[in-house]
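Asks: Below is target-v3.txt; it holds compact mmCIF, C-alpha atoms.
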# COMPACT_ATOMS: atom_id res chain seq x y z
CA MET V 1 0.00 0.00 0.00
CA THR V 2 2.84 2.39 0.77
CA ARG V 3 4.19 2.03 -2.77
CA LEU V 4 0.76 2.68 -4.22
CA PHE V 5 0.30 5.87 -2.17
CA ARG V 6 3.77 7.16 -3.02
CA ASN V 7 3.08 6.64 -6.73
CA LEU V 8 -0.33 8.29 -6.41
CA PHE V 9 0.98 11.39 -4.69
CA THR V 10 4.40 11.95 -6.24
CA ARG V 11 3.96 14.42 -9.06
CA ARG V 12 6.05 15.77 -11.89
CA TRP V 13 6.54 19.07 -10.06
CA ASP V 14 8.46 17.10 -7.42
CA ILE V 15 11.12 16.51 -10.07
CA HIS V 16 11.42 20.25 -10.68
CA ARG V 17 11.54 20.91 -6.95
CA LEU V 18 14.37 18.42 -6.38
CA PHE V 19 16.11 19.11 -9.71
CA PRO V 20 15.53 22.75 -10.67
CA LYS V 21 16.51 23.94 -14.13
CA LYS V 22 19.97 24.98 -12.86
CA SER V 23 20.61 21.45 -11.59
CA MET V 24 19.48 19.87 -14.84
CA LEU V 25 21.76 22.17 -16.83
CA LEU V 26 24.67 21.27 -14.54
CA ILE V 27 23.96 17.55 -14.99
CA GLU V 28 23.74 17.98 -18.76
CA GLU V 29 27.06 19.83 -18.82
CA PHE V 30 28.66 17.18 -16.63
CA ILE V 31 27.54 14.39 -18.98
CA LYS V 32 28.78 16.34 -22.00
CA ASN V 33 32.22 16.88 -20.45
CA SER V 34 32.53 13.34 -19.11
CA GLU V 35 31.84 11.91 -22.57
CA LEU V 36 34.98 13.65 -23.82
CA GLU V 37 36.92 11.17 -21.66
CA HIS V 38 35.39 7.92 -22.99
CA ARG V 39 33.58 6.39 -25.98
CA ALA V 40 30.47 5.45 -24.01
CA GLU V 41 27.17 7.31 -23.80
CA ILE V 42 25.33 8.29 -20.61
CA CYS V 43 21.64 9.07 -20.30
CA PHE V 44 20.15 10.50 -17.07
CA THR V 45 16.40 10.04 -16.69
CA VAL V 46 14.07 10.87 -13.82
CA GLU V 47 10.44 9.88 -13.48
CA ALA V 48 8.13 11.06 -10.70
CA SER V 49 5.88 8.02 -10.48
CA LEU V 50 4.32 5.12 -12.32
CA PRO V 51 0.66 5.00 -13.32
CA VAL V 52 -1.47 3.23 -10.70
CA TRP V 53 -2.30 0.33 -13.01
CA ARG V 54 1.43 -0.37 -13.46
CA VAL V 55 2.00 -0.34 -9.70
CA LEU V 56 -0.95 -2.71 -9.20
CA ARG V 57 0.52 -5.02 -11.83
CA GLY V 58 3.77 -5.07 -9.85
CA VAL V 59 6.00 -3.30 -12.37
CA THR V 60 9.29 -2.64 -10.59
CA ALA V 61 11.62 0.31 -11.01
CA ARG V 62 14.11 -2.09 -12.61
CA GLN V 63 11.55 -3.25 -15.18
CA ARG V 64 10.61 0.34 -15.93
CA ALA V 65 14.28 1.30 -16.29
CA LEU V 66 14.74 -1.49 -18.83
CA GLU V 67 11.74 -0.17 -20.78
CA VAL V 68 13.15 3.36 -20.71
CA PHE V 69 16.56 2.05 -21.78
CA SER V 70 14.88 0.59 -24.84
CA GLN V 71 12.50 3.50 -25.54
CA LEU V 72 15.31 6.07 -25.40
CA ARG V 73 17.50 3.77 -27.53
CA VAL V 74 20.37 3.91 -25.05
CA TRP V 75 21.37 0.52 -26.45
CA ASP V 76 21.79 1.97 -29.93
CA THR V 77 25.47 2.95 -29.81
CA GLU V 78 28.33 1.86 -32.00
CA ASP V 79 30.24 0.16 -29.17
CA ASN V 80 27.16 -1.10 -27.28
CA SER V 81 28.30 1.27 -24.58
CA GLY V 82 25.21 3.12 -23.41
CA VAL V 83 24.45 3.58 -19.72
CA LEU V 84 21.14 4.74 -18.27
CA LEU V 85 20.96 6.29 -14.81
CA TYR V 86 17.24 6.09 -13.99
CA LEU V 87 15.52 7.58 -10.94
CA LEU V 88 11.97 6.70 -9.91
CA LEU V 89 11.16 9.26 -7.24
CA ALA V 90 8.00 7.65 -5.87
CA ASP V 91 9.79 4.37 -5.20
CA ARG V 92 12.96 6.14 -4.09
CA ASN V 93 14.76 3.84 -6.44
CA ILE V 94 17.90 4.28 -8.54
CA GLU V 95 18.65 1.92 -11.39
CA ILE V 96 21.71 1.76 -13.59
CA ILE V 97 21.21 -0.12 -16.85
CA ALA V 98 24.24 -0.73 -19.04
CA ASP V 99 24.43 -2.10 -22.56
CA ARG V 100 25.98 -5.49 -23.28
CA GLY V 101 29.35 -4.03 -24.26
CA ILE V 102 29.74 -2.66 -20.75
CA ASN V 103 27.99 -5.42 -18.81
CA LYS V 104 30.59 -7.96 -19.79
CA LEU V 105 33.25 -5.69 -18.20
CA VAL V 106 31.46 -4.35 -15.12
CA THR V 107 29.81 -6.33 -12.33
CA ASP V 108 26.34 -5.75 -10.93
CA ILE V 109 28.00 -5.10 -7.56
CA GLU V 110 29.83 -2.07 -8.99
CA TRP V 111 26.56 -0.61 -10.29
CA LYS V 112 24.82 -1.40 -6.99
CA ASN V 113 27.56 0.39 -5.02
CA ILE V 114 27.13 3.50 -7.16
CA SER V 115 23.35 3.38 -6.68
CA GLU V 116 23.80 3.09 -2.91
CA LYS V 117 26.10 6.14 -2.84
CA ILE V 118 23.54 8.16 -4.79
CA LYS V 119 20.75 7.00 -2.49
CA SER V 120 22.79 7.97 0.57
CA SER V 121 23.28 11.46 -0.83
CA PHE V 122 19.56 11.73 -1.57
CA GLN V 123 18.73 10.75 2.02
CA SER V 124 20.79 13.76 3.11
CA GLY V 125 18.77 15.98 0.76
CA ASN V 126 21.62 16.39 -1.74
CA PHE V 127 19.94 15.43 -4.99
CA GLU V 128 22.07 17.30 -7.52
CA GLN V 129 25.29 16.32 -5.73
CA GLY V 130 24.16 12.71 -5.51
CA VAL V 131 23.54 12.48 -9.25
CA ILE V 132 26.85 14.19 -10.05
CA ALA V 133 28.70 11.85 -7.67
CA GLY V 134 27.05 8.85 -9.33
CA LEU V 135 27.81 10.13 -12.80
CA THR V 136 31.43 10.72 -11.74
CA GLU V 137 31.78 7.09 -10.66
CA ILE V 138 30.05 5.84 -13.82
CA SER V 139 32.39 7.98 -15.93
CA LEU V 140 35.48 6.60 -14.18
CA ILE V 141 34.35 3.07 -15.01
CA LEU V 142 33.64 4.06 -18.61
CA GLN V 143 37.07 5.69 -18.95
CA LYS V 144 38.67 2.36 -18.03
CA CYS V 145 36.40 0.23 -20.22
CA PHE V 146 36.01 2.57 -23.21
CA PRO V 147 38.85 5.11 -23.28
CA SER V 148 38.25 8.05 -25.61
CA GLU V 149 40.87 7.25 -28.26
CA GLY V 150 39.97 10.57 -29.90
CA LYS V 151 36.35 9.59 -30.59
CA LEU V 152 34.07 12.55 -29.94
CA LYS V 153 30.88 11.30 -31.60
CA ASN V 154 27.83 12.05 -29.44
CA GLU V 155 25.29 9.31 -30.17
CA ILE V 156 22.76 10.09 -27.43
CA SER V 157 21.61 13.49 -26.20
CA ASP V 158 23.29 14.67 -23.01
CA LYS V 159 20.16 16.48 -21.88
CA PRO V 160 18.44 14.89 -18.86
CA VAL V 161 15.12 13.27 -19.69
CA ILE V 162 12.09 13.91 -17.51
CA LEU V 163 9.33 11.33 -17.95
Show this structure as structure tokens.

Replies:
Amino acid sequence: MTRLFRNLFTRRWDIHRLFPKKSMLLIEEFIKNSELEHRAEICFTVEASLPVWRVLRGVTARQRALEVFSQLRVWDTEDNSGVLLYLLLADRNIEIIADRGINKLVTDIEWKNISEKIKSSFQSGNFEQGVIAGLTEISLILQKCFPSEGKLKNEISDKPVIL
């Protein structure tokens, strides 16, 4: 029942309250600059809540993140090197979905540790800083796995996506 109520009462304006325009611009700029250091692509997406019927059907944040990964075509990169950082505010959940080119090089534990660090920052009320810290850690992993090698092709928009 708690999950249902949180999804009923978390609204899109909550995203703008926690991530004002200035924060979203900073996150976009961070992604743009980090992608100069590696060949991978990062997509940051935040969603306030799921429709009630999806909650009642038991759709998890992970399942929704996988849908978003597909819908935003994060998988559609030359090196299979897309990474989605997905936040579902109502569920207070953070999911990191990585394409197959990265998943064979990075363990689920590494992604989970990054998610936990972001969540810890959020619990302290530091939303922008939590996302930037998570993106920093993701970028460090991507620099090791997919060093730049002079490739500056931007295959996915750096602009945060609000669903």

Asks: Got a sec: who's within 9 Å of Val74 (chain V), counting only C-alpha atoms, leaving out chain neighbours fewer than 5 positions off, as a short mmCIF file (atom, residue, chain, number, x, y, z; two decimals) with C-alpha atoms, in the coordinates of the input?

Replies:
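Dumped to around.cif:
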data_model
loop_
_atom_site.label_atom_id
_atom_site.label_comp_id
_atom_site.auth_asym_id
_atom_site.auth_seq_id
_atom_site.Cartn_x
_atom_site.Cartn_y
_atom_site.Cartn_z
CA GLU V 41 27.17 7.31 -23.80
CA ILE V 42 25.33 8.29 -20.61
CA CYS V 43 21.64 9.07 -20.30
CA VAL V 68 13.15 3.36 -20.71
CA PHE V 69 16.56 2.05 -21.78
CA ASN V 80 27.16 -1.10 -27.28
CA SER V 81 28.30 1.27 -24.58
CA GLY V 82 25.21 3.12 -23.41
CA VAL V 83 24.45 3.58 -19.72
CA LEU V 84 21.14 4.74 -18.27
CA ALA V 98 24.24 -0.73 -19.04
CA ASP V 99 24.43 -2.10 -22.56
CA GLU V 155 25.29 9.31 -30.17
CA ILE V 156 22.76 10.09 -27.43
#

Asks: Please report as JSON lines every residue of region 16-65 of chain V lying within 12 Å of region 119-127 of chain V, along with the nearest atom pair and their distance in Å (one decimal), using only C-alpha atoms.

Replies:
{"residue": "V:His16", "atom": "CA", "partner": "V:Phe127", "partner_atom": "CA", "distance": 11.3}
{"residue": "V:Arg17", "atom": "CA", "partner": "V:Phe127", "partner_atom": "CA", "distance": 10.2}
{"residue": "V:Leu18", "atom": "CA", "partner": "V:Phe127", "partner_atom": "CA", "distance": 6.5}
{"residue": "V:Phe19", "atom": "CA", "partner": "V:Phe127", "partner_atom": "CA", "distance": 7.1}
{"residue": "V:Pro20", "atom": "CA", "partner": "V:Phe127", "partner_atom": "CA", "distance": 10.3}
{"residue": "V:Ser23", "atom": "CA", "partner": "V:Phe127", "partner_atom": "CA", "distance": 9.0}
{"residue": "V:Met24", "atom": "CA", "partner": "V:Phe127", "partner_atom": "CA", "distance": 10.8}
{"residue": "V:Ile27", "atom": "CA", "partner": "V:Phe127", "partner_atom": "CA", "distance": 11.0}
{"residue": "V:Val46", "atom": "CA", "partner": "V:Phe127", "partner_atom": "CA", "distance": 11.5}

Asks: Emit as AutoDock Vina command-line options the padded axis-aligned box for all listed atoms of region 61-79 of chain V, 4 Å per side, with centre and edge lengths in Å to one decimal.

Replies:
--center_x 20.4 --center_y 1.4 --center_z -21.5 --size_x 27.6 --size_y 17.3 --size_z 29.0

Asks: Rounded to one decimal place, report the CA of Ser34 (chain V)-CA of Ala48 (chain V) distance in Å.

Replies: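 A separation of 25.9 Å between them.
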
Asks: Between V:Asp91, V:Glu128, V:Glu137, V:Asp14, which is the closest to Lys112 (chain V) once you count all atoms listed in the file?

Replies: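 For Lys112 (chain V), the nearest of the given residues is V:Glu137.
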
Asks: Give the answer as one residue: which of V:Leu88, V:Leu8, V:Ile109, V:Leu152 has the shortest atom-to-atom distance to Glu35 (chain V), using all atoms listed in the file?

Replies: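 The closest residue to Glu35 (chain V) is V:Leu152.
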
Asks: Given only C-alpha atoms as the basis, pick out the residue of V:Ile162, V:Ser157, V:Trp53, V:Gly150 nearest to Leu36 (chain V).

Replies: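 The shortest atom-to-atom distance to Leu36 (chain V) comes from V:Gly150.
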
Asks: I need the residue nearest Lys32 (chain V) from this list: V:Ile97, V:Val55, V:Leu85, V:Leu135. Use all atoms listed in the file for the distance.

Replies: V:Leu135

Asks: Step by step: start from the point (6.5, 7.5, -10.0) in the file's coordinates, keep every protein, DNA or RNA residue that has an atom no farther than 6 Å from it, count only C-alpha atoms, and write the set as a PyMOL selection string.

Replies: chain V and resi 7+47-50+88-90

Asks: One number please: CA of Arg11 (chain V) to CA of Ile138 (chain V), in Å, one decimal.

Replies: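 CA of Ile138 (chain V) lies 27.9 Å from CA of Arg11 (chain V).
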
Asks: Counting all atoms listed in the file, which residue out of V:Lys144, V:Lys21, V:Lys159, V:Lys153 sits closest to Leu105 (chain V)?

Replies: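 Using all atoms listed in the file, Leu105 (chain V) sits closest to V:Lys144.
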
Asks: Within 7 Å of (31.3, -3.8, -21.1) (file coordinates; all atoms listed in the file), which protein or nucleic acid residues are there? I'd like them as a tab-separated table (two decimals) with C-alpha atoms, keeping the file's coordinate frame.

Replies:
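result.tsv, freshly written:
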chain	number	residue	atom	x	y	z
V	81	SER	CA	28.30	1.27	-24.58
V	100	ARG	CA	25.98	-5.49	-23.28
V	101	GLY	CA	29.35	-4.03	-24.26
V	102	ILE	CA	29.74	-2.66	-20.75
V	103	ASN	CA	27.99	-5.42	-18.81
V	104	LYS	CA	30.59	-7.96	-19.79
V	105	LEU	CA	33.25	-5.69	-18.20
V	106	VAL	CA	31.46	-4.35	-15.12
V	145	CYS	CA	36.40	0.23	-20.22

Asks: Looking at all atoms listed in the file, which of V:Glu149, V:Glu67, V:Glu95, V:Asp79 is the one that sits closest to Ser115 (chain V)?

Replies: V:Glu95

Asks: Grab the CA of Leu26 (chain V) to CA of Glu78 (chain V) distance for me, in Å with one decimal place.

Replies: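 Atom-to-atom, CA of Leu26 (chain V) and CA of Glu78 (chain V) are spaced 26.4 Å apart.
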
Asks: Would you kindly return, as a compact mmCIF listing (two decimals) with C-alpha atoms, in the frame of the given file, each protein, DNA or RNA residue with an atom no farther than 12 Å from any atom of Pro51 (chain V), considering only C-alpha atoms and excluding same-chain residues fewer than 6 positions away?

Replies:
# COMPACT_ATOMS: atom_id res chain seq x y z
CA ARG V 3 4.19 2.03 -2.77
CA LEU V 4 0.76 2.68 -4.22
CA PHE V 5 0.30 5.87 -2.17
CA ARG V 6 3.77 7.16 -3.02
CA ASN V 7 3.08 6.64 -6.73
CA LEU V 8 -0.33 8.29 -6.41
CA PHE V 9 0.98 11.39 -4.69
CA THR V 10 4.40 11.95 -6.24
CA ARG V 11 3.96 14.42 -9.06
CA ARG V 57 0.52 -5.02 -11.83
CA GLY V 58 3.77 -5.07 -9.85
CA VAL V 59 6.00 -3.30 -12.37
CA THR V 60 9.29 -2.64 -10.59
CA ARG V 64 10.61 0.34 -15.93
CA LEU V 88 11.97 6.70 -9.91
CA ALA V 90 8.00 7.65 -5.87
CA LEU V 163 9.33 11.33 -17.95

Asks: Using the incomplete input, complete region 88-104 of chain V to the level of N, CA and C atoms; output as a PDB file, in the frame of the given file.

Replies:
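Final output, saved to selection29.pdb:
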ATOM      1  N   LEU V  88      13.414   6.733 -10.091  1.00  0.00           N
ATOM      2  CA  LEU V  88      11.970   6.700  -9.910  1.00  0.00           C
ATOM      3  C   LEU V  88      11.697   7.280  -8.532  1.00  0.00           C
ATOM      4  N   LEU V  89      11.288   8.543  -8.505  1.00  0.00           N
ATOM      5  CA  LEU V  89      11.160   9.260  -7.240  1.00  0.00           C
ATOM      6  C   LEU V  89      10.179   8.615  -6.276  1.00  0.00           C
ATOM      7  N   ALA V  90       9.015   8.213  -6.753  1.00  0.00           N
ATOM      8  CA  ALA V  90       8.000   7.650  -5.870  1.00  0.00           C
ATOM      9  C   ALA V  90       8.507   6.419  -5.131  1.00  0.00           C
ATOM     10  N   ASP V  91       9.253   5.597  -5.814  1.00  0.00           N
ATOM     11  CA  ASP V  91       9.790   4.370  -5.200  1.00  0.00           C
ATOM     12  C   ASP V  91      11.126   4.604  -4.506  1.00  0.00           C
ATOM     13  N   ARG V  92      11.638   5.813  -4.653  1.00  0.00           N
ATOM     14  CA  ARG V  92      12.960   6.140  -4.090  1.00  0.00           C
ATOM     15  C   ARG V  92      13.987   5.117  -4.566  1.00  0.00           C
ATOM     16  N   ASN V  93      13.931   4.880  -5.864  1.00  0.00           N
ATOM     17  CA  ASN V  93      14.760   3.840  -6.440  1.00  0.00           C
ATOM     18  C   ASN V  93      15.681   4.408  -7.520  1.00  0.00           C
ATOM     19  N   ILE V  94      16.886   3.889  -7.555  1.00  0.00           N
ATOM     20  CA  ILE V  94      17.900   4.280  -8.540  1.00  0.00           C
ATOM     21  C   ILE V  94      18.318   3.015  -9.268  1.00  0.00           C
ATOM     22  N   GLU V  95      18.245   3.059 -10.575  1.00  0.00           N
ATOM     23  CA  GLU V  95      18.650   1.920 -11.390  1.00  0.00           C
ATOM     24  C   GLU V  95      19.694   2.359 -12.400  1.00  0.00           C
ATOM     25  N   ILE V  96      20.698   1.533 -12.560  1.00  0.00           N
ATOM     26  CA  ILE V  96      21.710   1.760 -13.590  1.00  0.00           C
ATOM     27  C   ILE V  96      21.616   0.588 -14.552  1.00  0.00           C
ATOM     28  N   ILE V  97      21.315   0.896 -15.807  1.00  0.00           N
ATOM     29  CA  ILE V  97      21.210  -0.120 -16.850  1.00  0.00           C
ATOM     30  C   ILE V  97      22.333   0.146 -17.849  1.00  0.00           C
ATOM     31  N   ALA V  98      23.123  -0.872 -18.101  1.00  0.00           N
ATOM     32  CA  ALA V  98      24.240  -0.730 -19.040  1.00  0.00           C
ATOM     33  C   ALA V  98      24.069  -1.703 -20.200  1.00  0.00           C
ATOM     34  N   ASP V  99      24.504  -1.272 -21.359  1.00  0.00           N
ATOM     35  CA  ASP V  99      24.430  -2.100 -22.560  1.00  0.00           C
ATOM     36  C   ASP V  99      25.383  -3.281 -22.454  1.00  0.00           C
ATOM     37  N   ARG V 100      25.214  -4.236 -23.335  1.00  0.00           N
ATOM     38  CA  ARG V 100      25.980  -5.490 -23.280  1.00  0.00           C
ATOM     39  C   ARG V 100      27.482  -5.293 -23.421  1.00  0.00           C
ATOM     40  N   GLY V 101      27.912  -4.275 -24.129  1.00  0.00           N
ATOM     41  CA  GLY V 101      29.350  -4.030 -24.260  1.00  0.00           C
ATOM     42  C   GLY V 101      30.002  -3.660 -22.950  1.00  0.00           C
ATOM     43  N   ILE V 102      29.233  -3.050 -22.066  1.00  0.00           N
ATOM     44  CA  ILE V 102      29.740  -2.660 -20.750  1.00  0.00           C
ATOM     45  C   ILE V 102      29.497  -3.774 -19.735  1.00  0.00           C
ATOM     46  N   ASN V 103      28.340  -4.406 -19.809  1.00  0.00           N
ATOM     47  CA  ASN V 103      27.990  -5.420 -18.810  1.00  0.00           C
ATOM     48  C   ASN V 103      28.958  -6.586 -18.750  1.00  0.00           C
ATOM     49  N   LYS V 104      29.626  -6.863 -19.845  1.00  0.00           N
ATOM     50  CA  LYS V 104      30.590  -7.960 -19.790  1.00  0.00           C
ATOM     51  C   LYS V 104      31.893  -7.522 -19.111  1.00  0.00           C
TER      52      LYS V 104
END
